[in-house]
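**Q** My structure is below; once you've seen it, I'll send some questions.
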Amino acid sequence: MAIDTGTGTEPSEPTAAIPAGQLQGLPLAGAGGGGIAGARSLRRMGRAITSNRKATVGTALLVLFILVGLFPGVIAHDNPQAEIYPRSLSPSAQHWLGTTSFGQDMFAQVVWGTRPVLLIAFGVGILATVVAMLIGVAAAYLGGTWDGVLNVITDVLLVIPLFPLLIIIGSYLHGAGTAVMIAVIAATSWSYTARQLRSQALSLRNRDFLNAAKVRGERPLYIICVEIIPTMTSLLVAAFLTNALYAVLFSSSLQFIGLGNPSVTSWGTMLYWAENNEAFQTGLPLWIIVPGLCIVALGAGFALLNYAFDEIGNPALRPVRSMRRARVQRAR
Amino acid sequence: MRFVLRRVAFFLLTLWVALTLNFALPRMMPGNPALAIIGKFKSGISPQAVKVLEAQFGIETHQNIVAQYFSYLGNVATLRFGTSLTTQPGASVGRIVLDAIPWTLGLVGVTTVLAFILGTGIGIVAAWRRGGRLDGLMPPIFVIMTVIPYFWIGLVLILVFGVKLKLLPYFFTYNFSMTPGFNLAFIGNVAEHAILPAFTLLITTIGIWILTMRNTMITTLAEDYVRMARAKGLPNHRIMLDYAARNAILPNLTGFAMSLGFVVGGAILIEEVFNYQGVGYLLLQAVGNDDYPLMQALFLLITVAVLLAILISDLVTAVLDPRTRGAT
């Protein structure tokens, strides 16, 4: 659940905020060898992005933020940290969002603040998904004692409340930079997706193409990497989206309460400084509203994409309208 | 019975992991940060409390780490958590925590129950009127709702209802100029201070109940027994409530049992934003002041609440849904 983490949305909640990919329903696996199934499911995903409105919106949001994160200098010419302007200016043609009570250009802060958030989102998304994949697939493939041990580790991590744990770790670390933040969040948040990947891998265990590979005498590592993992592409994407979303919310929340590195410009630290300088009471509401909206928009990008894939995998959830459309298409 | 034993064993295992994390984390950090802080504030503490802290953080003690670990476990088992260093110097950690708990239970507990009831109800109606205008709009809205940081919604509500409209108070649990007592004026004041944080919590948590209920119920609505009920000509509200909703509510019920565990630590940031002096606010106070003994006790409290709730929800599910008893 929720994510919220709170971020508020406390991600360790049982009911995950996003119905993270129940994509097992996708008939990807049976379709012959590994590599082909992987490419096919990627193509299927590409088609999904253009045909499902939620997926289109989610993708557009992500692409927008990635472009801003890659080329912040093109959009905002100011140094986000430089305290060179009059303090607490209202929005104007020079300063689209005004200036902070330190005299920094707020628009430049929002634009440059995109990069650290994206780094954390993608860093944790990839790292946690890889850990989840290794542990989930290893548990399912090896079975027996290994499965039992890895399962218990996953379950224990799953039930320990993550956000309080991150707060405790953050307080010992005193100002975690981007890299530390990625490491800590990834190390603690992989368990939810590991569960899902394990059950997918379990369902594959006795498929013919795996048995064929075993009979051919392939090594376990080869079977895991070439035969099993490509059939889980869609599930891995869902896991990535889930983990990236949690990372955005967790890291922003930690930065907001001052457990990030306050000299890094990012949305969460902007909120920290704004709250510390009583932005509302001093007539600078944009200092809080804009970075918050950015967090919501980026999070919505990940969540909408994930929800859309979920709908594709589980037709029962689709809006009735599009079901009718699908039926019409099939009739043609 | 085997199922129950296994769940209890898992509970004990996770409890042990949480305790061990509490013990190991400060020792794993570069330079054991607890050392400096405790060294600085030790003079104001009773020798008895110092002993507890020595085992907990491994400072100035001549015991080896194994002995420290066991005396730490012993202290926790007898509820000796030591003394607050900076937040309320010299006060017993247990006392401070006990003072904060009722505020959190009142605010978050009531709101959690409310969110569950409202959310489940809306979810039932949404699934029943599937394809209606309400239903088409809701999923995307609630997907977005669930990604909004709690604390930011709180801040926006403060801006609108507190700073701009000046309708509601947004700081503290009650007006500190009043004397706490069992009278209408004081209770009214407490309620007034709880409205904004409660509303924040409600709108951020209700979405998940609606979504889960709606999605499960859509699956049940396609079942044959629902079709059978329609064929029998039963009234709609009976099909909706007794046939579809009743069979779809299980995930929400287990989720509810679990979310009760998150009541204690689930609104850390909301309490922080509203300066609402509950457990979460206290935790962040402790973190901000490097008050490690208080911080560790709170983390333990939050974790134990969650673990207990999960154990209870497992047992409830086993009673309500016989199919789960065989599964792991």
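Here's how to read the names in the structure tokens: chain A, B, ... by the order shown, residue numbers from 1 in each chain, ligand numbers from 1 in the order shown.
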Using only C-alpha atoms, which residues of range 159-198 of chain B come within 12 Å of range 279-296 of chain B, and what is the closest atom pair for each, with the distance in Å to one decimal? Give it as a tab-separated table, sorted by chain and residue number.
**A**
```
residue	atom	partner	partner_atom	distance
B:Phe171	CA	B:Tyr281	CA	11.9
B:Phe172	CA	B:Tyr281	CA	10.3
B:Thr173	CA	B:Tyr281	CA	11.2
```
**Q** Could you name the residues that touch range 267-278 of chain B at 10 Å or less, counting only C-alpha atoms, but leaving out those on the same chain fewer than 2 positions away, as JSON, numbers by chain?
**A** {"A": [4, 5, 6, 7, 8, 9, 10, 163, 164, 253, 254, 256, 257, 275], "B": [97, 98, 99, 100, 101, 102, 103, 104, 105, 106, 107, 108, 149, 150, 151, 152, 153, 154, 155, 158, 169, 170, 171, 172, 173, 174, 193, 194, 196, 197, 198, 200, 201, 262, 263, 264, 265, 280, 281, 282, 283, 284, 285]}
**Q** What are the residues of chain B that have an atom within 7 Å of an atom of chain A, counting only C-alpha atoms, as a VMD selection string?
**A** chain B and resid 14 26 29 33 131 136 143 to 144 146 to 152 159 163 208 215 219 255 258 266 269 287 299 303 307
**Q** Would you return as a ChimeraX atom specification the members of range 150-268 of chain B that DSSP assigns to alpha helix (DSSP H) on this structure's backbone?
**A** /B:150-157,184-221,224-231,236-238,246-248,250-261,268
**Q** Output C-alpha atoms for every residue in the selection just made, as a short mmCIF file (atom, residue, chain, number, x, y, z; two decimals), in the first residue's frame.
**A**
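Result file follows (again38.cif):
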```cif
data_model
loop_
_atom_site.label_atom_id
_atom_site.label_comp_id
_atom_site.auth_asym_id
_atom_site.auth_seq_id
_atom_site.Cartn_x
_atom_site.Cartn_y
_atom_site.Cartn_z
CA TYR B 150 0.25 12.71 2.57
CA PHE B 151 2.27 15.58 3.90
CA TRP B 152 1.75 17.70 0.80
CA ILE B 153 -2.03 17.34 0.92
CA GLY B 154 -1.79 18.40 4.54
CA LEU B 155 0.22 21.46 3.56
CA VAL B 156 -2.27 22.45 0.86
CA LEU B 157 -5.20 22.06 3.29
CA LEU B 184 -17.40 20.38 26.27
CA ALA B 185 -15.16 23.33 25.54
CA PHE B 186 -12.00 21.28 25.74
CA ILE B 187 -13.36 18.31 23.79
CA GLY B 188 -14.64 20.66 21.12
CA ASN B 189 -11.24 22.26 20.89
CA VAL B 190 -9.54 18.89 20.51
CA ALA B 191 -12.01 17.88 17.80
CA GLU B 192 -11.46 21.16 15.97
CA HIS B 193 -7.73 20.60 15.94
CA ALA B 194 -8.20 17.08 14.60
CA ILE B 195 -10.36 18.00 11.61
CA LEU B 196 -7.66 19.02 9.15
CA PRO B 197 -5.20 16.18 9.87
CA ALA B 198 -8.06 13.67 9.88
CA PHE B 199 -9.39 14.93 6.58
CA THR B 200 -5.91 14.75 5.07
CA LEU B 201 -5.57 11.16 6.15
CA LEU B 202 -9.06 10.30 4.95
CA ILE B 203 -8.66 11.54 1.41
CA THR B 204 -5.28 9.89 0.99
CA THR B 205 -6.28 6.49 2.33
CA ILE B 206 -9.82 6.10 1.06
CA GLY B 207 -8.77 5.47 -2.54
CA ILE B 208 -7.19 2.11 -1.84
CA TRP B 209 -10.34 0.77 -0.14
CA ILE B 210 -12.48 1.89 -3.07
CA LEU B 211 -10.14 0.42 -5.68
CA THR B 212 -9.68 -2.93 -3.93
CA MET B 213 -13.38 -3.33 -3.23
CA ARG B 214 -14.39 -2.33 -6.73
CA ASN B 215 -11.89 -4.58 -8.46
CA THR B 216 -12.66 -7.65 -6.35
CA MET B 217 -16.37 -7.13 -6.65
CA ILE B 218 -16.19 -6.83 -10.42
CA THR B 219 -14.71 -10.31 -10.42
CA THR B 220 -17.45 -11.67 -8.15
CA LEU B 221 -20.17 -10.03 -10.23
CA ASP B 224 -22.36 -17.90 -11.85
CA TYR B 225 -24.05 -17.58 -8.47
CA VAL B 226 -24.65 -13.89 -9.14
CA ARG B 227 -26.23 -14.77 -12.46
CA MET B 228 -28.28 -17.37 -10.63
CA ALA B 229 -29.47 -14.76 -8.17
CA ARG B 230 -30.53 -12.52 -11.00
CA ALA B 231 -32.33 -15.39 -12.68
CA ASN B 236 -31.02 -5.71 -6.77
CA HIS B 237 -29.88 -4.59 -3.35
CA ARG B 238 -29.86 -8.18 -2.15
CA ARG B 246 -20.28 -10.27 0.78
CA ASN B 247 -18.02 -12.51 -1.25
CA ALA B 248 -15.80 -9.69 -2.41
CA LEU B 250 -12.51 -10.47 2.17
CA PRO B 251 -9.46 -8.64 0.76
CA ASN B 252 -10.76 -5.41 2.24
CA LEU B 253 -11.35 -7.05 5.62
CA THR B 254 -7.84 -8.46 5.83
CA GLY B 255 -6.50 -5.15 4.59
CA PHE B 256 -8.46 -3.45 7.35
CA ALA B 257 -7.11 -5.72 10.05
CA MET B 258 -3.63 -4.95 8.80
CA SER B 259 -4.18 -1.24 8.47
CA LEU B 260 -5.10 -1.12 12.15
CA GLY B 261 -1.47 -1.98 12.81
CA ILE B 268 4.16 10.20 10.77
#
```
**Q** If we count only C-alpha atoms and set the cut-off at 9 Å, which residues sit around Thr154 in chain A, ignoring sequence neighbours fewer than 3 positions away in its own chain? Please answer as a list in words.
**A** Ile135, Gly136, Val149, Leu150, Asn151, Leu157, Leu158, Val159, Trp190, Ser191, Tyr192, Ala194 and Arg195 of chain A
**Q** Please write the residues from the selection above to a file, keeping N, CA and C atoms, as a CSV table (one decimal), in the first residue's frame.
**A**
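Below is the file again26.csv, written as the result:
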```csv
chain,number,residue,atom,x,y,z
A,135,ILE,N,16.4,-12.7,-6.5
A,135,ILE,CA,15.9,-13.5,-5.3
A,135,ILE,C,14.7,-14.3,-5.7
A,136,GLY,N,13.7,-13.6,-6.4
A,136,GLY,CA,12.5,-14.3,-6.7
A,136,GLY,C,12.7,-15.5,-7.6
A,149,VAL,N,14.4,-20.4,2.6
A,149,VAL,CA,15.2,-19.4,3.2
A,149,VAL,C,14.9,-18.0,2.6
A,150,LEU,N,15.0,-18.0,1.2
A,150,LEU,CA,14.8,-16.7,0.5
A,150,LEU,C,13.4,-16.2,0.8
A,151,ASN,N,12.4,-17.1,0.9
A,151,ASN,CA,11.1,-16.7,1.1
A,151,ASN,C,10.9,-16.1,2.5
A,157,LEU,N,11.1,-8.9,5.4
A,157,LEU,CA,11.3,-7.5,5.0
A,157,LEU,C,9.9,-6.9,4.5
A,158,LEU,N,9.0,-7.8,4.1
A,158,LEU,CA,7.8,-7.3,3.6
A,158,LEU,C,6.9,-6.7,4.7
A,159,VAL,N,7.0,-7.2,5.9
A,159,VAL,CA,6.1,-6.8,7.0
A,159,VAL,C,6.7,-5.8,7.9
A,190,TRP,N,12.7,-4.1,-2.0
A,190,TRP,CA,12.6,-5.0,-3.2
A,190,TRP,C,11.6,-6.1,-2.9
A,191,SER,N,11.3,-6.3,-1.6
A,191,SER,CA,10.6,-7.6,-1.3
A,191,SER,C,9.2,-7.7,-1.9
A,192,TYR,N,8.5,-6.6,-2.0
A,192,TYR,CA,7.1,-6.7,-2.6
A,192,TYR,C,7.2,-7.3,-4.0
A,194,ALA,N,9.7,-8.9,-5.4
A,194,ALA,CA,10.3,-10.3,-5.4
A,194,ALA,C,9.2,-11.4,-5.3
A,195,ARG,N,8.3,-11.1,-4.4
A,195,ARG,CA,7.1,-12.0,-4.3
A,195,ARG,C,6.5,-12.3,-5.6
```
